[in-house]
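The next block is query-v5.pdb, given as PDB, C-alpha atoms, pLDDT in the B column.
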```pdb
MODEL        1
ATOM      1  CA  MET A   1       0.000   0.000   0.000  1.00 44.00           C
ATOM      2  CA  THR A   2       1.316   3.459  -0.845  1.00 50.00           C
ATOM      3  CA  ILE A   3       0.495   6.206   1.575  1.00 57.00           C
ATOM      4  CA  GLY A   4       0.084   9.036  -0.938  1.00 67.00           C
ATOM      5  CA  LEU A   5       2.465  11.556  -2.442  1.00 75.00           C
ATOM      6  CA  GLU A   6       2.132  14.219   0.266  1.00 85.00           C
ATOM      7  CA  ALA A   7       2.360  11.628   3.033  1.00 89.00           C
ATOM      8  CA  ASP A   8       5.411  10.056   1.355  1.00 91.00           C
ATOM      9  CA  THR A   9       7.036  13.488   1.358  1.00 94.00           C
ATOM     10  CA  TRP A  10       6.374  14.127   5.044  1.00 97.00           C
ATOM     11  CA  PHE A  11       6.582  10.659   6.622  1.00 96.00           C
ATOM     12  CA  ARG A  12       8.923   7.688   6.503  1.00 93.00           C
ATOM     13  CA  ARG A  13       7.128   4.407   7.017  1.00 90.00           C
ATOM     14  CA  TYR A  14       9.201   1.881   8.935  1.00 81.00           C
ATOM     15  CA  ARG A  15       6.648  -0.881   9.492  1.00 67.00           C
ATOM     16  CA  ALA A  16       4.790  -1.684   6.306  1.00 63.00           C
ATOM     17  CA  THR A  17       1.873  -4.050   6.833  1.00 70.00           C
ATOM     18  CA  ASP A  18      -0.817  -4.953   4.359  1.00 78.00           C
ATOM     19  CA  THR A  19      -3.553  -4.495   6.944  1.00 87.00           C
ATOM     20  CA  PRO A  20      -2.488  -2.117   9.719  1.00 91.00           C
ATOM     21  CA  ARG A  21      -4.963  -1.726  12.564  1.00 93.00           C
ATOM     22  CA  ARG A  22      -3.462   1.480  13.980  1.00 95.00           C
ATOM     23  CA  ARG A  23      -0.867   4.131  13.185  1.00 95.00           C
ATOM     24  CA  LEU A  24       1.811   5.774  15.288  1.00 97.00           C
ATOM     25  CA  LEU A  25       3.265   9.080  14.074  1.00 98.00           C
ATOM     26  CA  ILE A  26       6.590  10.095  15.633  1.00 98.00           C
ATOM     27  CA  LEU A  27       7.712  13.726  15.345  1.00 98.00           C
ATOM     28  CA  PRO A  28      11.449  14.244  16.018  1.00 95.00           C
ATOM     29  CA  HIS A  29      13.258  16.860  18.055  1.00 93.00           C
ATOM     30  CA  ALA A  30      14.957  19.997  16.687  1.00 90.00           C
ATOM     31  CA  GLY A  31      17.809  18.922  14.434  1.00 86.00           C
ATOM     32  CA  GLY A  32      16.447  15.380  14.467  1.00 87.00           C
ATOM     33  CA  SER A  33      15.464  13.140  11.608  1.00 88.00           C
ATOM     34  CA  ALA A  34      13.476  10.024  10.821  1.00 89.00           C
ATOM     35  CA  ASN A  35      16.737   8.047  10.943  1.00 89.00           C
ATOM     36  CA  PHE A  36      17.009   8.668  14.685  1.00 89.00           C
ATOM     37  CA  PHE A  37      13.814   6.655  15.263  1.00 92.00           C
ATOM     38  CA  HIS A  38      14.661   3.745  12.954  1.00 89.00           C
ATOM     39  CA  PRO A  39      14.814   1.218  15.871  1.00 91.00           C
ATOM     40  CA  TRP A  40      11.215   2.064  16.766  1.00 91.00           C
ATOM     41  CA  GLY A  41      10.041   0.493  13.488  1.00 86.00           C
ATOM     42  CA  ARG A  42      10.449  -2.982  14.949  1.00 83.00           C
ATOM     43  CA  ALA A  43       9.342  -2.139  18.485  1.00 90.00           C
ATOM     44  CA  PHE A  44       5.607  -2.616  17.892  1.00 91.00           C
ATOM     45  CA  ASP A  45       3.299  -5.422  16.802  1.00 88.00           C
ATOM     46  CA  GLU A  46       2.487  -6.240  13.165  1.00 87.00           C
ATOM     47  CA  GLY A  47      -0.769  -4.292  13.328  1.00 91.00           C
ATOM     48  CA  THR A  48       0.982  -0.989  14.052  1.00 93.00           C
ATOM     49  CA  GLU A  49       2.165   1.119  11.152  1.00 94.00           C
ATOM     50  CA  VAL A  50       4.975   3.414  12.320  1.00 95.00           C
ATOM     51  CA  LEU A  51       5.434   6.735  10.554  1.00 96.00           C
ATOM     52  CA  VAL A  52       8.189   9.219  11.368  1.00 96.00           C
ATOM     53  CA  GLY A  53       8.159  12.881  10.382  1.00 97.00           C
ATOM     54  CA  LYS A  54      10.624  13.997   7.700  1.00 96.00           C
ATOM     55  CA  TYR A  55      11.251  17.712   8.072  1.00 96.00           C
ATOM     56  CA  PRO A  56      12.238  19.830   5.045  1.00 95.00           C
ATOM     57  CA  GLY A  57      15.876  20.662   4.341  1.00 91.00           C
ATOM     58  CA  ARG A  58      17.507  17.358   5.282  1.00 88.00           C
ATOM     59  CA  TYR A  59      18.222  13.905   3.837  1.00 88.00           C
ATOM     60  CA  GLU A  60      15.841  13.114   0.976  1.00 90.00           C
ATOM     61  CA  ARG A  61      14.202  16.536   1.468  1.00 93.00           C
ATOM     62  CA  LEU A  62      17.471  18.448   1.213  1.00 90.00           C
ATOM     63  CA  ALA A  63      16.197  20.618  -1.663  1.00 93.00           C
ATOM     64  CA  ASP A  64      12.968  21.542   0.144  1.00 95.00           C
ATOM     65  CA  PRO A  65      12.984  24.980   1.797  1.00 96.00           C
ATOM     66  CA  PHE A  66      13.043  25.105   5.572  1.00 95.00           C
ATOM     67  CA  ILE A  67       9.901  26.001   7.500  1.00 96.00           C
ATOM     68  CA  ASP A  68      10.549  28.396  10.360  1.00 92.00           C
ATOM     69  CA  THR A  69       7.206  28.736  12.161  1.00 96.00           C
ATOM     70  CA  MET A  70       5.335  26.197  14.250  1.00 97.00           C
ATOM     71  CA  ASP A  71       1.997  27.147  12.704  1.00 97.00           C
ATOM     72  CA  GLU A  72       3.129  26.502   9.128  1.00 97.00           C
ATOM     73  CA  LEU A  73       4.888  23.279  10.104  1.00 98.00           C
ATOM     74  CA  ALA A  74       1.805  22.028  11.990  1.00 98.00           C
ATOM     75  CA  ASP A  75      -0.503  22.977   9.115  1.00 98.00           C
ATOM     76  CA  ARG A  76       1.644  21.101   6.589  1.00 97.00           C
ATOM     77  CA  VAL A  77       2.035  17.990   8.767  1.00 98.00           C
ATOM     78  CA  THR A  78      -1.704  17.954   9.484  1.00 98.00           C
ATOM     79  CA  ALA A  79      -2.577  18.195   5.778  1.00 97.00           C
ATOM     80  CA  ALA A  80      -0.252  15.294   4.962  1.00 97.00           C
ATOM     81  CA  LEU A  81      -1.623  13.242   7.872  1.00 97.00           C
ATOM     82  CA  LEU A  82      -5.339  13.635   7.139  1.00 97.00           C
ATOM     83  CA  PRO A  83      -5.516  10.825   4.540  1.00 95.00           C
ATOM     84  CA  LEU A  84      -3.952   8.528   7.147  1.00 95.00           C
ATOM     85  CA  ALA A  85      -6.531   9.314   9.836  1.00 96.00           C
ATOM     86  CA  ASP A  86      -8.736   6.436   8.691  1.00 95.00           C
ATOM     87  CA  LEU A  87      -7.289   4.210  11.451  1.00 95.00           C
ATOM     88  CA  PRO A  88      -6.749   4.834  15.174  1.00 97.00           C
ATOM     89  CA  LEU A  89      -3.888   7.313  15.296  1.00 98.00           C
ATOM     90  CA  THR A  90      -1.432   7.999  18.104  1.00 98.00           C
ATOM     91  CA  LEU A  91       1.112  10.814  17.980  1.00 98.00           C
ATOM     92  CA  PHE A  92       4.429  10.924  19.820  1.00 98.00           C
ATOM     93  CA  GLY A  93       6.661  13.988  19.825  1.00 98.00           C
ATOM     94  CA  HIS A  94      10.007  14.563  21.460  1.00 96.00           C
ATOM     95  CA  SER A  95      11.144  18.069  22.496  1.00 93.00           C
ATOM     96  CA  MET A  96      10.245  20.390  19.558  1.00 95.00           C
ATOM     97  CA  GLY A  97       8.328  17.399  18.151  1.00 97.00           C
ATOM     98  CA  ALA A  98       6.186  17.367  21.312  1.00 97.00           C
ATOM     99  CA  SER A  99       4.991  20.906  20.622  1.00 97.00           C
ATOM    100  CA  LEU A 100       4.444  20.002  16.982  1.00 98.00           C
ATOM    101  CA  ALA A 101       2.479  16.844  17.893  1.00 98.00           C
ATOM    102  CA  TYR A 102       0.265  18.889  20.232  1.00 97.00           C
ATOM    103  CA  GLU A 103      -0.410  21.462  17.505  1.00 97.00           C
ATOM    104  CA  VAL A 104      -1.212  18.712  14.977  1.00 98.00           C
ATOM    105  CA  VAL A 105      -3.655  17.101  17.433  1.00 98.00           C
ATOM    106  CA  ARG A 106      -5.322  20.495  17.997  1.00 97.00           C
ATOM    107  CA  ARG A 107      -5.751  20.947  14.239  1.00 98.00           C
ATOM    108  CA  LEU A 108      -7.050  17.414  13.724  1.00 98.00           C
ATOM    109  CA  GLU A 109      -9.640  17.835  16.481  1.00 98.00           C
ATOM    110  CA  GLN A 110     -10.694  21.447  15.933  1.00 97.00           C
ATOM    111  CA  ARG A 111     -10.552  21.736  12.153  1.00 97.00           C
ATOM    112  CA  HIS A 112     -11.222  18.201  10.943  1.00 98.00           C
ATOM    113  CA  ALA A 113     -13.212  16.490  13.736  1.00 98.00           C
ATOM    114  CA  VAL A 114     -10.558  13.762  14.008  1.00 98.00           C
ATOM    115  CA  ARG A 115      -9.761  12.691  17.558  1.00 98.00           C
ATOM    116  CA  PRO A 116      -6.494  10.748  17.852  1.00 98.00           C
ATOM    117  CA  ALA A 117      -6.306   7.765  20.187  1.00 98.00           C
ATOM    118  CA  ALA A 118      -3.573   9.446  22.246  1.00 98.00           C
ATOM    119  CA  LEU A 119      -0.878  12.105  22.339  1.00 98.00           C
ATOM    120  CA  HIS A 120       2.490  11.211  23.891  1.00 98.00           C
ATOM    121  CA  VAL A 121       4.974  14.025  24.548  1.00 98.00           C
ATOM    122  CA  SER A 122       8.470  13.996  26.012  1.00 97.00           C
ATOM    123  CA  SER A 123      11.104  16.517  27.076  1.00 93.00           C
ATOM    124  CA  ARG A 124       9.044  19.666  26.501  1.00 93.00           C
ATOM    125  CA  GLU A 125       7.100  22.074  28.662  1.00 91.00           C
ATOM    126  CA  ALA A 126       3.344  22.472  28.224  1.00 92.00           C
ATOM    127  CA  PRO A 127       2.538  25.054  25.500  1.00 89.00           C
ATOM    128  CA  HIS A 128       1.465  27.703  28.023  1.00 90.00           C
ATOM    129  CA  ARG A 129       4.754  27.217  29.906  1.00 91.00           C
ATOM    130  CA  VAL A 130       7.236  27.146  27.018  1.00 90.00           C
ATOM    131  CA  PRO A 131       9.522  30.115  27.547  1.00 88.00           C
ATOM    132  CA  PRO A 132      10.642  32.085  24.505  1.00 85.00           C
ATOM    133  CA  ARG A 133      14.294  31.406  23.700  1.00 89.00           C
ATOM    134  CA  ASP A 134      16.829  32.960  21.380  1.00 91.00           C
ATOM    135  CA  LEU A 135      19.307  30.168  20.658  1.00 90.00           C
ATOM    136  CA  TYR A 136      18.341  30.295  16.977  1.00 91.00           C
ATOM    137  CA  ARG A 137      19.719  33.882  16.814  1.00 93.00           C
ATOM    138  CA  ARG A 138      23.134  32.940  18.178  1.00 93.00           C
ATOM    139  CA  ASP A 139      26.195  32.245  16.082  1.00 93.00           C
ATOM    140  CA  ASP A 140      27.371  28.824  14.926  1.00 92.00           C
ATOM    141  CA  ALA A 141      29.821  28.483  17.817  1.00 91.00           C
ATOM    142  CA  ALA A 142      26.965  28.887  20.315  1.00 90.00           C
ATOM    143  CA  LEU A 143      24.881  26.259  18.504  1.00 88.00           C
ATOM    144  CA  ILE A 144      27.778  23.811  18.545  1.00 89.00           C
ATOM    145  CA  ALA A 145      28.364  24.529  22.240  1.00 89.00           C
ATOM    146  CA  GLU A 146      24.685  23.745  22.905  1.00 84.00           C
ATOM    147  CA  LEU A 147      24.947  20.465  20.969  1.00 81.00           C
ATOM    148  CA  ARG A 148      27.979  19.551  23.075  1.00 85.00           C
ATOM    149  CA  ARG A 149      26.093  20.425  26.262  1.00 84.00           C
ATOM    150  CA  LEU A 150      23.131  18.255  25.272  1.00 78.00           C
ATOM    151  CA  GLY A 151      25.367  15.299  24.391  1.00 75.00           C
ATOM    152  CA  GLY A 152      24.393  12.532  22.020  1.00 66.00           C
ATOM    153  CA  THR A 153      26.521  13.842  19.146  1.00 74.00           C
ATOM    154  CA  ASP A 154      30.062  12.593  18.599  1.00 75.00           C
ATOM    155  CA  SER A 155      32.456  15.440  19.465  1.00 76.00           C
ATOM    156  CA  ALA A 156      34.646  14.650  16.437  1.00 81.00           C
ATOM    157  CA  LEU A 157      31.637  15.224  14.179  1.00 80.00           C
ATOM    158  CA  LEU A 158      30.971  18.583  15.800  1.00 83.00           C
ATOM    159  CA  ASP A 159      34.578  19.599  15.055  1.00 87.00           C
ATOM    160  CA  ASP A 160      34.252  18.765  11.332  1.00 90.00           C
ATOM    161  CA  PRO A 161      33.493  21.928   9.271  1.00 89.00           C
ATOM    162  CA  ASP A 162      31.770  19.844   6.551  1.00 89.00           C
ATOM    163  CA  VAL A 163      29.421  18.307   9.102  1.00 85.00           C
ATOM    164  CA  GLN A 164      28.745  21.725  10.595  1.00 87.00           C
ATOM    165  CA  GLU A 165      27.905  23.123   7.161  1.00 88.00           C
ATOM    166  CA  PHE A 166      25.431  20.289   6.589  1.00 84.00           C
ATOM    167  CA  VAL A 167      23.806  20.159  10.042  1.00 85.00           C
ATOM    168  CA  LEU A 168      23.676  23.739  11.304  1.00 90.00           C
ATOM    169  CA  PRO A 169      21.166  25.179   8.775  1.00 91.00           C
ATOM    170  CA  SER A 170      18.505  22.563   9.583  1.00 90.00           C
ATOM    171  CA  LEU A 171      19.195  22.859  13.304  1.00 90.00           C
ATOM    172  CA  ARG A 172      18.869  26.650  13.133  1.00 92.00           C
ATOM    173  CA  ALA A 173      15.563  26.357  11.224  1.00 94.00           C
ATOM    174  CA  ASP A 174      14.198  23.900  13.797  1.00 93.00           C
ATOM    175  CA  LEU A 175      15.368  26.069  16.678  1.00 93.00           C
ATOM    176  CA  THR A 176      13.585  29.016  15.077  1.00 95.00           C
ATOM    177  CA  VAL A 177      10.382  26.951  15.116  1.00 96.00           C
ATOM    178  CA  ALA A 178      10.915  25.768  18.694  1.00 94.00           C
ATOM    179  CA  ASP A 179      12.267  28.996  20.214  1.00 94.00           C
ATOM    180  CA  THR A 180       9.548  31.266  18.798  1.00 94.00           C
ATOM    181  CA  TYR A 181       6.688  28.917  19.678  1.00 94.00           C
ATOM    182  CA  GLY A 182       5.702  29.793  23.219  1.00 82.00           C
ATOM    183  CA  PRO A 183       4.182  30.586  25.530  1.00 85.00           C
ATOM    184  CA  ARG A 184       0.682  30.080  24.125  1.00 86.00           C
ATOM    185  CA  PRO A 185      -2.706  30.050  25.837  1.00 87.00           C
ATOM    186  CA  ALA A 186      -3.606  26.690  27.356  1.00 84.00           C
ATOM    187  CA  SER A 187      -5.901  24.847  24.971  1.00 90.00           C
ATOM    188  CA  PRO A 188      -6.890  21.328  26.073  1.00 93.00           C
ATOM    189  CA  VAL A 189      -7.150  18.485  23.574  1.00 96.00           C
ATOM    190  CA  GLY A 190      -9.827  15.796  23.712  1.00 96.00           C
ATOM    191  CA  CYS A 191      -7.573  12.747  23.451  1.00 97.00           C
ATOM    192  CA  PRO A 192      -5.582  11.294  26.353  1.00 97.00           C
ATOM    193  CA  VAL A 193      -2.193  12.986  26.861  1.00 97.00           C
ATOM    194  CA  HIS A 194       0.818  11.127  28.264  1.00 97.00           C
ATOM    195  CA  ALA A 195       3.809  13.264  29.260  1.00 96.00           C
ATOM    196  CA  TRP A 196       7.256  11.757  29.646  1.00 92.00           C
TER     197      TRP A 196
ENDMDL
END
```

Could you take the file, read its structure, and then write that structure out as structure tokens?
Amino acid sequence: MTIGLEADTWFRRYRATDTPRRRLLILPHAGGSANFFHPWGRAFDEGTEVLVGKYPGRYERLADPFIDTMDELADRVTAALLPLADLPLTLFGHSMGASLAYEVVRRLEQRHAVRPAALHVSSREAPHRVPPRDLYRRDDAALIAELRRLGGTDSALLDDPDVQEFVLPSLRADLTVADTYGPRPASPVGCPVHAW
């Protein structure tokens, strides 16, 4: 089964089943990619189709222009996801992806009368508590220092100018989305929310 041109653009499907019974959409963190969540593709039963968000400006979407606002990103992800809302749908977002998953759920419920089965969020404040940040405005050295502080990236890679040239533009675009997002008025969603 193909999942449609727009969905193929926005989502990588790791668990292809002929007859999925449910879908899980994973939305990565700032600077993250679908590759990061590859192990999750085998972590669920055969009835679960796992989709992972592919943000513009990286990997197979390298030629696509970056999106630098949460509202535009959420609108585009929601539009691509709508044809896949024919099965029970759970969203999981990590860090920036948590805010994005929340905004997608809001759009699905309020604009399209689609209530997901659940929303799982990790490593992010609630939308009304997200403080505005300015990391996206800082120079490359400050971004690299923040990556070092967060860990998880090989230090030798961070020292490589070619890697920096490839990674920093997408990270800066994502940080623009994340850092300019909050705080927003509290707006409850109708599906269960699980915060990690």

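Counting only C-alpha atoms, the residue from A:His94, A:Arg115, A:Arg76, A:Arg13 that sits nearest to Gly190 (chain A) is A:Arg115.
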
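Straight-line separation from CA of Asp140 (chain A) to CA of Trp10 (chain A): 27.5 Å.
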
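Proximity of A:Arg58, A:Arg149, A:His112, A:His128 to Leu168 (chain A), computed with only C-alpha atoms, is greatest for A:Arg58.
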
Tell me, in Å to one decimal, how far CA of Phe11 (chain A) is from CA of Glu49 (chain A). 11.4 Å

Once the PyMOL selection byres ((chain A and resi 146) around 12) has been applied to the shown file, what residues remain in the selection, as a VMD selection string? chain A and resid 31 135 to 136 138 to 145 147 to 153 155 158 168 171 to 172 175

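CA of Ala156 (chain A) is positioned 23.0 Å from CA of Ala173 (chain A).
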
Taking the file as I've supplied it (selection: the PyMOL selection byres ((chain A and resi 97) around 10)), which residues are included? Please answer as a ChimeraX atom specification. /A:26-30,32,53,91-96,98-103,121-124,174,178

From the list A:Pro127, A:Leu51, A:Trp196, A:Pro188, the nearest residue to Met70 (chain A) using all atoms listed in the file is A:Pro127

Please return, as number ranges by chain, all polymer residues that have at least one atom within 12 Å of the point (-4.7, 11.8, 6.2); use only C-alpha atoms and the file's own coordinate frame. A: 3-8, 10-11, 23, 25, 76-89, 104, 108, 112, 114, 116

Pull out every residue that the PyMOL selection byres ((chain A and resi 184) around 8) matches in the shown coordinates and put them as a PyMOL selection string. chain A and resi 127-130+181-183+185-186

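Closest approach to Ala74 (chain A) among A:Arg42, A:Arg133, A:His120, A:Arg106 is made by A:Arg106 (distances from only C-alpha atoms).
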
Padding 3 Å on each side, edges along x, y and z: where is the centre of the box around the listed atoms of region 141-157 of chain A, and how long are its edges in Å to one decimal? Output it as JSON.
```
{"center_x": 28.9, "center_y": 20.7, "center_z": 20.2, "size_x": 17.5, "size_y": 22.4, "size_z": 18.1}
```

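For the set A:Phe44, A:Ala195, A:Ser170, A:Glu165, the residue with the smallest atom-to-atom gap to Glu125 (chain A) is A:Ala195, counting only C-alpha atoms.
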